[in-house]
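A.B. asks: This structure is in structure tokens; I'll ask about it shortly.
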Amino acid sequence: MGTPDLPQNRLPERVDTPGAPGRPCSIAAALKIVGERWALLAVREIGFGNHRFDQIATNTGASRDILTARLRSLEAAGVLYRSLYNERPPRYQYHLTEAGRDLFPVLAALRTWGDRWLVDEKPTVVEHTCGHELRVVSACEHCGGRLDTRGGPAVPRFQAPGWEKSGPVQD
């Protein structure tokens, strides 16, 4: 079939948050794209190397119609792209863009949280190439200071006009 044209570095669509109800927030913008269970589970499977629809459906447990909708929305958002691997009948495989691969730390953090708080035994252990279990560490890129379990020493600075820590600025 040749080498497919791979739009790996396509930028994700920008999400308008100022018009949304509640605090303008990049978390809210991200959740518009990946905040539904099947979306992140599809990203997980593609990240594990399962690129075909049937593999993704089996491993996520999503119904075919819901999975189709999620894959289409992730493709439209620039999180993944599909490439034709069979012409008759047409069959596609799914790959993560750079934006999709940037979700790996998010998935790792969710897995770490789930391992700690929700399951008795870890169903999956992810090892780094050094041979040790990969654990998520949140730290300042500048000084290396770690984010502790209570959220400190991070201090939010609100930049959205009309908002402060407690909520909307009252006139």
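Quick note on naming: the chains in the structure tokens go A, B, ... in the order shown, residues restart at 1 in each chain, and ligands are numbered from 1 in order of appearance.
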What's around Glu36 (chain A) at 12 Å? Count only C-alpha atoms, leave out sequence neighbours fewer than 3 positions away in its own chain, and write the answer as a list in words.

C.D. replies: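 In the requested form, the answer reads Ala30, Leu31, Lys32, Ile33, Ala39, Leu40, Leu41, Ala42, Val43, Ala62, Ile66, Leu67, Ala69, Arg70, Leu71, Ser73 and Leu74 of chain A.
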
A.B. asks: Would you list, as a PyMOL selection string, the residues of region 8-83 of chain A that end up in strand (DSSP E) under DSSP run on this structure's backbone?

C.D. replies: chain A and resi 80-83

A.B. asks: Could you save the residues just selected, with N, CA and C atoms, as a PDB file, in the first residue's frame?

C.D. replies:
```
ATOM      1  N   LEU A  80      -5.718  11.863  16.994  1.00  0.00           N
ATOM      2  CA  LEU A  80      -5.273  10.686  16.256  1.00  0.00           C
ATOM      3  C   LEU A  80      -5.549  10.888  14.782  1.00  0.00           C
ATOM      4  N   TYR A  81      -4.988   9.995  13.999  1.00  0.00           N
ATOM      5  CA  TYR A  81      -5.270   9.989  12.565  1.00  0.00           C
ATOM      6  C   TYR A  81      -5.432   8.538  12.151  1.00  0.00           C
ATOM      7  N   ARG A  82      -6.077   8.328  11.028  1.00  0.00           N
ATOM      8  CA  ARG A  82      -6.244   6.970  10.535  1.00  0.00           C
ATOM      9  C   ARG A  82      -5.564   6.828   9.187  1.00  0.00           C
ATOM     10  N   SER A  83      -5.126   5.603   8.919  1.00  0.00           N
ATOM     11  CA  SER A  83      -4.512   5.311   7.630  1.00  0.00           C
ATOM     12  C   SER A  83      -5.100   4.010   7.085  1.00  0.00           C
TER      13      SER A  83
END
```

A.B. asks: Leaving out region 158-168 of chain A and any residue of its chain fewer than 2 positions from it, which residues lie within 9 Å of it when counting only C-alpha atoms, given as a list in words?

C.D. replies: Pro18, Gly22, Arg23, Pro24, Cys25, Pro156 and Gln170 of chain A

A.B. asks: Residues near Trp113 (chain A), anyone? I mean within 12 Å using only C-alpha atoms, not counting same-chain ones fewer than 5 positions away, as a PyMOL selection string.

C.D. replies: chain A and resi 106-108+118-119+122+135-137+149

A.B. asks: Emit the selected residues as a compact mmCIF listing (two decimals), in the first residue's frame, including all heavy atoms.

C.D. replies:
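Everything below was put into result-v4.txt:
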```txt
# COMPACT_ATOMS: atom_id res chain seq x y z
N VAL A 106 -0.93 11.85 31.22
CA VAL A 106 -2.27 11.94 31.80
C VAL A 106 -2.78 10.53 32.12
O VAL A 106 -3.28 10.27 33.22
CB VAL A 106 -3.25 12.66 30.84
CG1 VAL A 106 -4.67 12.64 31.37
CG2 VAL A 106 -2.77 14.08 30.56
N LEU A 107 -2.64 9.62 31.17
CA LEU A 107 -3.07 8.25 31.38
C LEU A 107 -2.26 7.59 32.50
O LEU A 107 -2.81 6.84 33.32
CB LEU A 107 -2.95 7.44 30.09
CG LEU A 107 -3.91 7.86 28.98
CD1 LEU A 107 -3.61 7.11 27.70
CD2 LEU A 107 -5.34 7.64 29.40
N ALA A 108 -0.96 7.87 32.54
CA ALA A 108 -0.11 7.32 33.61
C ALA A 108 -0.56 7.83 34.97
O ALA A 108 -0.60 7.07 35.95
CB ALA A 108 1.36 7.65 33.35
N LEU A 118 -8.35 2.50 43.89
CA LEU A 118 -9.52 1.78 43.39
C LEU A 118 -9.38 0.27 43.24
O LEU A 118 -10.40 -0.42 43.14
CB LEU A 118 -9.95 2.37 42.04
CG LEU A 118 -10.26 3.87 42.05
CD1 LEU A 118 -10.59 4.35 40.65
CD2 LEU A 118 -11.40 4.18 43.01
N VAL A 119 -8.18 -0.25 43.15
CA VAL A 119 -8.02 -1.69 42.94
C VAL A 119 -7.13 -2.29 44.02
O VAL A 119 -6.29 -1.61 44.60
CB VAL A 119 -7.43 -2.00 41.53
CG1 VAL A 119 -8.35 -1.51 40.43
CG2 VAL A 119 -6.04 -1.40 41.35
N LYS A 122 -2.70 -4.26 41.07
CA LYS A 122 -2.53 -3.55 39.80
C LYS A 122 -2.79 -4.50 38.63
O LYS A 122 -2.12 -5.52 38.51
CB LYS A 122 -1.11 -3.01 39.69
CG LYS A 122 -0.73 -2.02 40.74
CD LYS A 122 0.74 -1.64 40.58
CE LYS A 122 1.16 -0.73 41.71
NZ LYS A 122 2.58 -0.38 41.60
N ARG A 135 6.58 5.41 37.26
CA ARG A 135 5.70 6.12 38.20
C ARG A 135 5.66 7.59 37.81
O ARG A 135 6.66 8.17 37.44
CB ARG A 135 6.22 5.97 39.62
CG ARG A 135 6.21 4.51 40.03
CD ARG A 135 6.03 4.34 41.49
NE ARG A 135 5.96 2.92 41.78
CZ ARG A 135 6.55 2.36 42.79
NH1 ARG A 135 7.21 3.10 43.65
NH2 ARG A 135 6.44 1.08 42.99
N VAL A 136 4.49 8.16 37.95
CA VAL A 136 4.30 9.55 37.60
C VAL A 136 4.83 10.44 38.71
O VAL A 136 4.53 10.23 39.88
CB VAL A 136 2.80 9.84 37.36
CG1 VAL A 136 2.56 11.31 37.09
CG2 VAL A 136 2.28 8.99 36.23
N VAL A 137 5.60 11.43 38.32
CA VAL A 137 6.08 12.44 39.25
C VAL A 137 5.75 13.79 38.63
O VAL A 137 6.15 14.08 37.50
CB VAL A 137 7.61 12.33 39.46
CG1 VAL A 137 8.12 13.45 40.34
CG2 VAL A 137 7.98 10.97 40.03
N THR A 149 1.12 15.79 47.54
CA THR A 149 -0.21 15.20 47.46
C THR A 149 -1.33 16.15 47.85
O THR A 149 -2.49 15.87 47.61
CB THR A 149 -0.31 13.94 48.35
OG1 THR A 149 0.01 14.31 49.69
CG2 THR A 149 0.63 12.87 47.86
```

A.B. asks: Just the residues within 12 Å of Gly49 (chain A), please, counting only C-alpha atoms, with nothing from its chain fewer than 3 positions along; format it as a PDB file with C-alpha atoms, in the first residue's frame.

C.D. replies:
```pdb
ATOM      1  CA  ALA A  42      -9.155   4.298  22.832  1.00  0.00           C
ATOM      2  CA  VAL A  43      -6.038   6.460  23.273  1.00  0.00           C
ATOM      3  CA  ARG A  44      -4.742   3.888  25.801  1.00  0.00           C
ATOM      4  CA  GLU A  45      -5.210   1.028  23.340  1.00  0.00           C
ATOM      5  CA  ILE A  46      -3.620   2.847  20.422  1.00  0.00           C
ATOM      6  CA  ARG A  52      -7.170  -1.729  14.373  1.00  0.00           C
ATOM      7  CA  PHE A  53     -10.808  -1.008  15.157  1.00  0.00           C
ATOM      8  CA  GLN A  55      -8.702  -4.621  18.675  1.00  0.00           C
ATOM      9  CA  ILE A  56      -9.685  -1.268  20.144  1.00  0.00           C
ATOM     10  CA  ASN A  59      -9.950  -4.137  24.554  1.00  0.00           C
ATOM     11  CA  GLN A  93      -5.818   1.648  11.448  1.00  0.00           C
ATOM     12  CA  TYR A  94      -5.481   4.396  14.013  1.00  0.00           C
ATOM     13  CA  HIS A  95      -2.342   6.180  15.194  1.00  0.00           C
ATOM     14  CA  LEU A  96      -1.724   8.927  17.710  1.00  0.00           C
ATOM     15  CA  ARG A 101       1.080  10.960  22.520  1.00  0.00           C
TER      16      ARG A 101
END
```

A.B. asks: Rounded to one decimal, what separation in Å do you get between CA of Thr68 (chain A) and CA of Arg91 (chain A)?

C.D. replies: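 Between CA of Thr68 (chain A) and CA of Arg91 (chain A) the gap is 12.9 Å.
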
A.B. asks: Please report the interatomic distance between CA of Trp117 (chain A) and CA of Thr60 (chain A) in Å with one decimal.

C.D. replies: 21.0 Å

A.B. asks: When you look at region 123-130 of chain A with a cut-off of 10 Å (counting only C-alpha atoms), what residues show up, excluding the ones that are within fewer than 6 positions of it in the same chain? I need them as a list of chain:residue names.

C.D. replies: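 Listed by chain and then number, they are A:Ala108, A:Arg111, A:Thr112, A:Asp115.
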
A.B. asks: Could those residues be written to a file, using N, CA, C and O atoms, as a CSV table (one decimal), in the first residue's frame?

C.D. replies:
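Ended up saving to part-v2.csv:
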```
chain,number,residue,atom,x,y,z
A,108,ALA,N,-1.0,7.9,32.5
A,108,ALA,CA,-0.1,7.3,33.6
A,108,ALA,C,-0.6,7.8,35.0
A,108,ALA,O,-0.6,7.1,35.9
A,111,ARG,N,-3.8,6.0,35.9
A,111,ARG,CA,-3.5,4.7,36.3
A,111,ARG,C,-2.9,4.6,37.7
A,111,ARG,O,-3.3,3.8,38.5
A,112,THR,N,-2.0,5.5,38.0
A,112,THR,CA,-1.4,5.6,39.3
A,112,THR,C,-2.4,5.8,40.4
A,112,THR,O,-2.5,5.2,41.4
A,115,ASP,N,-4.6,2.7,40.7
A,115,ASP,CA,-3.9,1.7,41.4
A,115,ASP,C,-3.9,1.9,42.9
A,115,ASP,O,-4.0,1.0,43.7
```
